[in-house]
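Text of target-v9.cif, listed as mmCIF, C-alpha atoms:
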```
data_run
#
loop_
_atom_site.label_atom_id
_atom_site.label_comp_id
_atom_site.auth_asym_id
_atom_site.auth_seq_id
_atom_site.Cartn_x
_atom_site.Cartn_y
_atom_site.Cartn_z
CA MET G 6 148.73 103.28 173.81
CA LYS G 7 149.06 100.39 171.35
CA GLY G 8 148.57 100.63 167.60
CA PHE G 9 149.20 98.58 164.46
CA VAL G 10 152.07 100.35 162.70
CA PHE G 11 153.10 100.02 159.04
CA HIS G 12 156.90 99.86 158.61
CA GLY G 13 157.11 99.26 154.87
CA PRO G 14 155.95 96.61 152.39
CA GLY G 15 155.39 93.33 154.22
CA GLN G 16 156.24 94.80 157.63
CA ALA G 17 153.87 95.91 160.40
CA SER G 18 153.54 95.35 164.14
CA TRP G 19 151.27 95.93 167.17
CA GLN G 20 153.37 98.24 169.34
CA ASP G 21 153.50 101.25 171.62
CA VAL G 22 152.68 104.55 169.91
CA PRO G 23 152.07 108.06 171.27
CA ASP G 24 148.59 108.83 172.59
CA PRO G 25 146.60 111.04 170.19
CA ALA G 26 145.66 114.57 171.22
CA VAL G 27 143.35 117.27 169.94
CA LYS G 28 145.48 119.37 167.56
CA ASP G 29 142.85 121.47 165.83
CA PRO G 30 139.59 122.85 167.21
CA THR G 31 137.59 120.60 164.86
CA ASP G 32 139.23 117.36 166.11
CA ALA G 33 137.82 114.60 168.27
CA VAL G 34 139.70 111.85 170.09
CA VAL G 35 137.86 108.52 170.12
CA ARG G 36 138.43 105.43 172.26
CA VAL G 37 138.19 102.55 169.80
CA GLY G 38 135.56 99.96 170.71
CA ALA G 39 135.42 97.90 167.51
CA VAL G 40 137.63 97.99 164.44
CA THR G 41 138.02 95.91 161.32
CA ILE G 42 140.58 95.21 158.60
CA CYS G 43 139.98 96.26 155.02
CA GLY G 44 141.30 94.78 151.79
CA THR G 45 142.88 98.20 151.22
CA ASP G 46 145.02 97.61 154.33
CA LEU G 47 146.34 94.48 152.65
CA HIS G 48 147.11 96.51 149.53
CA ILE G 49 149.10 98.94 151.71
CA LEU G 50 151.06 96.08 153.27
CA ARG G 51 151.86 94.75 149.78
CA GLY G 52 153.24 98.14 148.78
CA ASP G 53 150.40 99.00 146.39
CA VAL G 54 149.75 102.37 148.08
CA PRO G 55 153.21 103.98 148.17
CA GLU G 56 152.04 107.30 149.63
CA VAL G 57 151.49 105.66 153.04
CA PRO G 58 154.63 106.58 155.01
CA PRO G 59 156.34 104.05 157.29
CA GLY G 60 155.38 104.69 160.90
CA THR G 61 151.68 105.17 160.12
CA VAL G 62 149.04 103.48 162.27
CA LEU G 63 146.82 101.65 159.79
CA GLY G 64 143.03 101.40 159.67
CA HIS G 65 140.15 103.60 158.56
CA GLU G 66 137.05 101.86 159.99
CA ALA G 67 135.97 101.90 163.64
CA VAL G 68 133.27 102.40 166.22
CA GLY G 69 134.11 103.99 169.52
CA GLU G 70 133.37 106.51 172.26
CA ILE G 71 134.25 110.19 172.15
CA VAL G 72 136.69 111.06 174.94
CA GLU G 73 137.66 114.62 173.96
CA VAL G 74 136.64 117.19 171.37
CA GLY G 75 138.01 120.48 170.11
CA SER G 76 136.36 123.78 170.88
CA ASP G 77 134.65 124.02 167.46
CA VAL G 78 133.02 120.57 167.57
CA LEU G 79 129.27 120.98 168.06
CA THR G 80 127.53 117.73 167.10
CA VAL G 81 129.16 115.21 169.47
CA ARG G 82 130.46 115.34 173.02
CA PRO G 83 132.51 113.08 175.32
CA GLY G 84 130.65 109.88 176.08
CA ASP G 85 128.88 109.68 172.70
CA ARG G 86 129.10 106.37 170.86
CA VAL G 87 130.00 107.03 167.23
CA LEU G 88 130.85 105.47 163.90
CA ILE G 89 134.13 106.77 162.45
CA SER G 90 133.78 107.21 158.70
CA CYS G 91 136.59 106.04 156.46
CA ILE G 92 136.34 109.44 154.73
CA THR G 93 136.98 112.74 156.50
CA SER G 94 135.19 115.84 155.26
CA CYS G 95 136.01 119.51 155.83
CA GLY G 96 132.53 120.47 154.56
CA ARG G 97 133.77 123.71 153.02
CA CYS G 98 135.81 123.00 149.90
CA ARG G 99 134.35 122.76 146.40
CA PHE G 100 134.20 118.98 146.45
CA CYS G 101 132.63 118.67 149.90
CA ARG G 102 129.96 121.23 148.99
CA GLY G 103 129.09 118.98 146.06
CA GLY G 104 128.94 115.84 148.21
CA SER G 105 132.23 114.45 146.87
CA TYR G 106 133.80 114.07 150.32
CA GLY G 107 136.36 111.55 149.09
CA GLN G 108 137.97 114.33 147.03
CA CYS G 109 138.09 116.83 149.93
CA ARG G 110 140.75 119.52 149.49
CA GLY G 111 140.41 120.95 152.98
CA GLY G 112 142.46 118.37 154.85
CA GLY G 113 140.02 115.52 154.47
CA GLY G 114 139.28 112.66 152.08
CA TRP G 115 140.84 109.29 152.78
CA ILE G 116 143.44 110.30 155.35
CA LEU G 117 142.96 107.89 158.29
CA GLY G 118 145.48 105.07 158.02
CA HIS G 119 146.72 106.63 154.80
CA LEU G 120 148.17 110.08 155.38
CA ILE G 121 147.70 110.26 159.16
CA ASP G 122 147.44 107.68 161.94
CA GLY G 123 144.35 105.51 161.63
CA THR G 124 141.89 103.49 163.66
CA GLN G 125 143.71 100.20 164.34
CA ALA G 126 144.74 101.41 167.77
CA GLU G 127 143.31 101.95 171.22
CA TYR G 128 142.60 105.64 170.49
CA VAL G 129 142.42 107.72 167.33
CA ARG G 130 142.30 111.42 166.48
CA VAL G 131 139.57 112.22 163.94
CA PRO G 132 139.83 115.57 162.13
CA HIS G 133 136.70 117.50 161.12
CA ALA G 134 134.69 115.50 163.62
CA ASP G 135 131.33 117.19 163.02
CA LEU G 136 131.12 115.69 159.53
CA SER G 137 133.38 112.66 159.96
CA VAL G 138 131.79 110.76 162.85
CA HIS G 139 128.17 109.65 163.09
CA PRO G 140 126.28 109.15 166.38
CA LEU G 141 125.11 105.55 166.56
CA PRO G 142 121.55 104.42 167.29
CA ALA G 143 121.39 102.16 170.34
CA ALA G 144 119.77 99.48 168.18
CA VAL G 145 122.91 99.01 166.06
CA ARG G 146 125.60 96.77 167.58
CA SER G 147 129.19 97.93 167.29
CA GLU G 148 130.12 94.72 165.46
CA ASP G 149 127.52 95.54 162.80
CA ALA G 150 128.05 99.29 162.69
CA VAL G 151 131.77 99.03 161.93
CA LEU G 152 130.89 97.53 158.53
CA LEU G 153 129.14 100.80 157.70
CA ALA G 154 132.39 102.76 158.00
CA ASP G 155 133.62 101.63 154.58
CA ILE G 156 132.51 98.44 152.86
CA PHE G 157 128.77 99.06 152.68
CA PRO G 158 129.04 102.72 151.58
CA THR G 159 131.76 101.74 149.10
CA ALA G 160 129.78 98.89 147.57
CA TYR G 161 126.61 100.98 147.47
CA GLU G 162 128.06 104.22 146.11
CA VAL G 163 130.96 103.10 143.91
CA GLY G 164 129.28 99.89 142.73
CA VAL G 165 125.48 100.07 142.83
CA LEU G 166 124.89 103.81 142.38
CA ASN G 167 127.74 104.43 139.93
CA GLY G 168 126.63 101.34 138.00
CA HIS G 169 123.05 102.66 137.79
CA VAL G 170 121.46 99.39 138.86
CA ARG G 171 117.77 99.43 137.97
CA PRO G 172 114.79 97.11 138.39
CA GLY G 173 114.97 94.20 135.97
CA ASP G 174 118.73 94.46 135.36
CA THR G 175 121.17 91.61 135.16
CA VAL G 176 124.03 92.48 137.52
CA ALA G 177 127.35 90.60 137.51
CA ILE G 178 129.77 91.15 140.39
CA VAL G 179 133.34 89.92 139.99
CA GLY G 180 134.73 89.26 143.46
CA ALA G 181 132.87 87.85 146.45
CA GLY G 182 135.04 89.29 149.18
CA PRO G 183 133.49 91.71 151.69
CA ILE G 184 133.00 94.52 149.14
CA GLY G 185 131.55 92.18 146.53
CA LEU G 186 129.19 90.66 149.08
CA ALA G 187 128.08 94.09 150.26
CA ALA G 188 127.44 94.91 146.60
CA VAL G 189 125.20 91.84 146.33
CA ALA G 190 123.23 92.95 149.40
CA THR G 191 122.81 96.58 148.32
CA ALA G 192 122.12 95.81 144.64
CA ARG G 193 119.10 93.80 145.81
CA LEU G 194 117.57 97.04 147.10
CA PHE G 195 116.92 98.02 143.45
CA SER G 196 115.12 94.79 142.43
CA PRO G 197 117.35 93.57 139.60
CA GLU G 198 116.13 90.52 137.70
CA ARG G 199 119.22 88.57 138.67
CA ILE G 200 122.57 88.98 140.42
CA ILE G 201 125.50 86.80 139.37
CA SER G 202 128.45 86.51 141.76
CA ILE G 203 131.86 85.42 140.43
CA ASP G 204 134.84 84.37 142.52
CA LEU G 205 137.57 81.75 142.97
CA VAL G 206 136.53 80.55 146.43
CA ALA G 207 133.56 78.22 146.88
CA ALA G 208 132.86 79.41 150.44
CA ARG G 209 132.58 83.00 149.27
CA LEU G 210 130.24 82.03 146.45
CA GLU G 211 128.07 80.24 149.00
CA ALA G 212 128.06 83.41 151.12
CA ALA G 213 126.95 85.34 148.02
CA ARG G 214 124.03 82.95 147.63
CA ARG G 215 123.02 83.51 151.24
CA LEU G 216 123.07 87.26 150.70
CA GLY G 217 120.87 87.07 147.63
CA ALA G 218 122.90 86.17 144.53
CA ASP G 219 120.69 84.30 142.07
CA ALA G 220 123.59 82.54 140.35
CA VAL G 221 127.27 82.01 141.11
CA ALA G 222 130.23 81.09 138.92
CA ASP G 223 133.84 80.08 139.42
CA VAL G 224 136.00 82.60 137.60
CA ARG G 225 138.12 79.74 136.22
CA GLU G 226 135.11 78.21 134.44
CA ALA G 227 134.31 80.83 131.76
CA PRO G 228 131.73 82.90 133.68
CA GLY G 229 131.19 84.99 130.57
CA HIS G 230 129.38 82.03 129.02
CA LEU G 231 126.97 81.88 131.97
CA VAL G 232 126.26 85.60 131.69
CA ALA G 233 125.69 85.25 127.94
CA ASP G 234 123.38 82.26 128.43
CA LEU G 235 121.28 84.10 131.01
CA THR G 236 120.96 87.25 128.86
CA ASP G 237 120.35 85.77 125.39
CA GLY G 238 123.88 86.72 124.43
CA LEU G 239 123.55 90.44 125.29
CA GLY G 240 125.70 90.57 128.42
CA ALA G 241 125.03 92.07 131.84
CA ASP G 242 123.47 95.49 132.24
CA VAL G 243 125.85 96.27 135.11
CA VAL G 244 129.18 94.63 135.89
CA MET G 245 131.10 95.50 139.07
CA GLU G 246 134.81 94.85 139.59
CA ALA G 247 135.45 94.15 143.28
CA VAL G 248 138.92 92.57 143.21
CA GLY G 249 141.47 95.07 141.94
CA VAL G 250 143.53 92.98 139.49
CA PRO G 251 143.90 93.39 135.71
CA ASP G 252 142.30 90.07 134.75
CA SER G 253 139.15 90.86 136.74
CA PHE G 254 138.74 94.27 135.14
CA GLU G 255 139.19 92.89 131.64
CA LEU G 256 136.66 90.15 132.41
CA CYS G 257 134.16 92.82 133.40
CA THR G 258 134.57 94.67 130.10
CA ARG G 259 133.95 91.44 128.19
CA MET G 260 130.74 90.62 130.07
CA VAL G 261 128.97 93.99 129.82
CA ARG G 262 126.25 94.51 127.23
CA PRO G 263 126.27 97.36 124.68
CA GLY G 264 125.11 100.46 126.49
CA GLY G 265 125.87 98.88 129.87
CA HIS G 266 127.91 100.03 132.85
CA VAL G 267 131.19 98.77 134.29
CA ALA G 268 131.64 100.04 137.86
CA ASN G 269 135.18 99.54 139.12
CA ILE G 270 135.32 99.28 142.92
CA GLY G 271 138.60 97.38 143.40
CA VAL G 272 141.88 99.02 144.42
CA HIS G 273 144.36 98.46 141.61
CA GLY G 274 148.09 98.31 142.22
CA LYS G 275 149.07 97.46 138.63
CA PRO G 276 148.24 98.91 135.20
CA VAL G 277 145.20 97.52 133.40
CA THR G 278 144.75 97.24 129.64
CA LEU G 279 141.68 99.09 128.39
CA HIS G 280 140.59 97.48 125.12
CA LEU G 281 139.14 100.53 123.42
CA GLU G 282 139.55 98.78 120.08
CA ASP G 283 136.60 96.62 121.18
CA LEU G 284 134.75 98.97 123.50
CA TRP G 285 134.60 102.25 121.58
CA ILE G 286 131.67 101.11 119.43
CA ARG G 287 129.61 99.57 122.26
CA ASN G 288 128.53 102.70 124.18
CA VAL G 289 129.91 101.29 127.43
CA THR G 290 130.19 103.53 130.49
CA ILE G 291 133.14 102.81 132.81
CA THR G 292 133.26 104.45 136.23
CA THR G 293 135.88 104.47 138.95
CA GLY G 294 135.65 106.04 142.34
CA LEU G 295 136.73 106.53 145.91
CA VAL G 296 133.76 106.30 148.25
CA ASP G 297 132.34 109.62 149.49
CA THR G 298 130.30 108.11 152.38
CA ARG G 299 127.45 110.53 151.70
CA SER G 300 125.14 107.50 151.98
CA THR G 301 126.27 106.59 155.52
CA PRO G 302 123.33 108.24 157.35
CA THR G 303 120.88 106.39 155.10
CA LEU G 304 122.68 103.08 155.58
CA LEU G 305 122.73 103.60 159.35
CA ARG G 306 118.95 104.07 159.36
CA MET G 307 118.53 100.93 157.29
CA ALA G 308 120.79 98.96 159.61
CA ALA G 309 118.81 100.15 162.63
CA ALA G 310 115.65 98.93 160.87
CA GLY G 311 117.18 95.52 160.20
CA ARG G 312 117.33 96.04 156.44
CA LEU G 313 121.06 95.39 155.95
CA PRO G 314 122.66 91.96 156.60
CA THR G 315 125.85 93.38 158.08
CA GLY G 316 126.30 90.69 160.73
CA GLN G 317 126.33 87.92 158.11
CA LEU G 318 129.69 89.14 156.81
CA VAL G 319 131.53 88.86 160.15
CA THR G 320 133.23 85.46 160.37
CA HIS G 321 135.96 86.04 162.98
CA THR G 322 136.28 88.17 166.11
CA PHE G 323 139.40 88.97 168.14
CA PRO G 324 140.48 91.13 171.05
CA LEU G 325 142.14 94.31 169.83
CA LYS G 326 145.56 93.14 171.06
CA GLN G 327 145.44 90.18 168.63
CA MET G 328 145.73 92.49 165.62
CA GLU G 329 148.63 90.58 164.08
CA GLU G 330 146.76 87.28 164.32
CA ALA G 331 143.66 88.90 162.82
CA TYR G 332 145.72 90.15 159.86
CA ASP G 333 147.08 86.65 159.31
CA VAL G 334 143.57 85.19 159.28
CA PHE G 335 142.16 87.90 157.00
CA SER G 336 145.06 87.80 154.54
CA GLN G 337 144.69 84.02 154.13
CA ALA G 338 140.96 84.11 153.51
CA ALA G 339 141.02 81.26 150.99
CA GLU G 340 142.29 78.94 153.74
CA THR G 341 140.57 80.46 156.79
CA GLY G 342 137.19 81.29 155.26
CA ALA G 343 137.45 84.85 156.58
CA LEU G 344 135.07 87.46 155.20
CA LYS G 345 135.27 90.27 157.73
CA VAL G 346 137.19 90.15 161.00
CA VAL G 347 136.15 92.44 163.85
CA LEU G 348 138.40 93.32 166.76
CA GLY G 349 137.08 94.72 170.02
CA GLY G 350 139.17 97.03 172.16
CA GLU G 351 139.46 96.62 175.89
CA ARG G 352 137.73 99.31 177.94
CA HIS G 353 140.16 101.32 180.08
CA ALA G 354 139.34 102.51 183.59
CA GLU G 355 141.15 105.79 182.93
CA VAL G 356 141.66 107.77 179.77
CA ALA G 357 145.00 109.58 179.57
CA VAL G 358 144.49 112.11 176.79
CA PRO G 359 146.86 115.09 176.60
CA ARG G 360 145.06 118.37 177.20
CA THR G 361 145.26 121.48 175.08
CA ASP G 362 145.46 125.03 176.37
CA ARG G 363 141.68 125.44 176.47
CA GLU G 364 139.29 124.70 179.29
CA GLY G 365 137.67 121.47 178.17
CA GLY G 366 135.78 121.01 174.94
CA GLY G 367 132.57 120.04 173.25
CA ARG G 368 129.16 121.51 173.83
CA PRO G 369 128.34 123.17 177.15
#
```
As structure tokens, the full file:
Amino acid sequence: MKGFVFHGPGQASWQDVPDPAVKDPTDAVVRVGAVTICGTDLHILRGDVPEVPPGTVLGHEAVGEIVEVGSDVLTVRPGDRVLISCITSCGRCRFCRGGSYGQCRGGGGWILGHLIDGTQAEYVRVPHADLSVHPLPAAVRSEDAVLLADIFPTAYEVGVLNGHVRPGDTVAIVGAGPIGLAAVATARLFSPERIISIDLVAARLEAARRLGADAVADVREAPGHLVADLTDGLGADVVMEAVGVPDSFELCTRMVRPGGHVANIGVHGKPVTLHLEDLWIRNVTITTGLVDTRSTPTLLRMAAAGRLPTGQLVTHTFPLKQMEEAYDVFSQAAETGALKVVLGGERHAEVAVPRTDREGGGRP
């Protein structure tokens, strides 16, 4: 099959790779139908995530069809259309039992496109399939559902829920890329008084307005003054960092009110200065987090009911074989206007999946 392979910082290619096979009885092999590119993939390509070994197929978000399952998989069978979660969960370790799937110690967590081959390929092996894939309602298009694999759960859990957004709050979100825009959309579910979106790119700020931001600000034009003006000098109740660079994080800590919350969502590849000399007296809560995807079933139901504007974030579509072109477009978002790119895989007449020593799999 073909897959998008990481070869080291700044180097990756769409090339032949071995077909995946069921290795463990809890595995599933999925034919990829729709896949997207995440900002985290760009961080990997820049060398910000050094634990990703060269030779790894990238990607951790996809929708597809089950083609084979291990003998212990009970909830899906070949032919089922599923969402592949960006987080894999064993369901048995201490963290999984507490709902912290991102911290799984039983061979899960964020492993796809990180520690094992990921979803930017024609087929992918998904460990712990019973808890790591979600059957898709027929009402949810693949192009919409793929955004529920990562960006919407991440924005909702790591931003909105960790930030404790409440009715009447002022919420400031630094970064209007896909995660920041998903944070705008999901913060609105809690009826804040206002949402302020902050970014460098005018087109992204306009997208934030369409998704429900009440005010927007160019980060180069002292957005802290706007936040202060709108809050009588107090600052925002909740500030979310959705970029992953030191300046953005420090801006967030300057804009939060005493007793407020700073929810860091961005993936940071460099150290950040934490100004405790200013913050210690202000009762500020700072949270970080890797998404757990425990909210995915809820978000899927909301998407099926038309309550999430997932389709509004997709600006470019490509065939799966144009992965390199899609990366170029997504990585140059300021010039191309890209928010989310979605790639659709070609459907194969035959599926050549290596067999194990058992007689078939899945449910009888």
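If you measure from each of G:Val35, G:Leu325, G:Leu136, G:Val277 to Val87 of chain G using all atoms listed in the file, the closest one turns out to be G:Val35.
If you measure from each of G:Val206, G:Val62, G:Ala177, G:Leu279 to Asp242 of chain G using all atoms listed in the file, the closest one turns out to be G:Ala177.
You will find atom CA of Pro228 of chain G at 23.0 Å from atom CA of Glu340 of chain G.
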Determine, using only C-alpha atoms, which residues of segment 62-150 of chain G have any atom at most 7 Å from an atom of segment 299-315 of chain G, and tabulate each with its shortest atom pair and distance in Å to one decimal place, rows ordered by chain and then rising number, as JSON lines.
```
{"residue": "G:Gly104", "atom": "CA", "partner": "G:Arg299", "partner_atom": "CA", "distance": 6.5}
{"residue": "G:Pro142", "atom": "CA", "partner": "G:Ala309", "partner_atom": "CA", "distance": 6.9}
{"residue": "G:Ala144", "atom": "CA", "partner": "G:Ala309", "partner_atom": "CA", "distance": 5.7}
{"residue": "G:Val145", "atom": "CA", "partner": "G:Ala309", "partner_atom": "CA", "distance": 5.5}
{"residue": "G:Asp149", "atom": "CA", "partner": "G:Thr315", "partner_atom": "CA", "distance": 5.5}
```
Please dump the current selection as a PDB file, in the coordinates of the input; keep C-alpha atoms.
```pdb
ATOM      1  CA  GLY G 104     128.940 115.840 148.210  1.00  0.00           C
ATOM      2  CA  PRO G 142     121.550 104.420 167.290  1.00  0.00           C
ATOM      3  CA  ALA G 144     119.770  99.480 168.180  1.00  0.00           C
ATOM      4  CA  VAL G 145     122.910  99.010 166.060  1.00  0.00           C
ATOM      5  CA  ASP G 149     127.520  95.540 162.800  1.00  0.00           C
TER       6      ASP G 149
END
```
Near-segment 235-241 of chain G list (6 Å; all atoms listed in the file; drop same-chain fewer than 4 positions) as JSON, numbers by chain: {"G": [175, 176, 260, 261, 262]}
Those selected residues, please, written with C-alpha atoms and delivered as a PDB file, keeping the file's coordinate frame.
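Heads up, here's the output in part.pdb:
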```pdb
ATOM      1  CA  THR G 175     121.170  91.610 135.160  1.00  0.00           C
ATOM      2  CA  VAL G 176     124.030  92.480 137.520  1.00  0.00           C
ATOM      3  CA  MET G 260     130.740  90.620 130.070  1.00  0.00           C
ATOM      4  CA  VAL G 261     128.970  93.990 129.820  1.00  0.00           C
ATOM      5  CA  ARG G 262     126.250  94.510 127.230  1.00  0.00           C
TER       6      ARG G 262
END
```
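Note that the spacing between atom CA of Ala268 of chain G and atom CA of Thr290 of chain G amounts to 8.3 Å.
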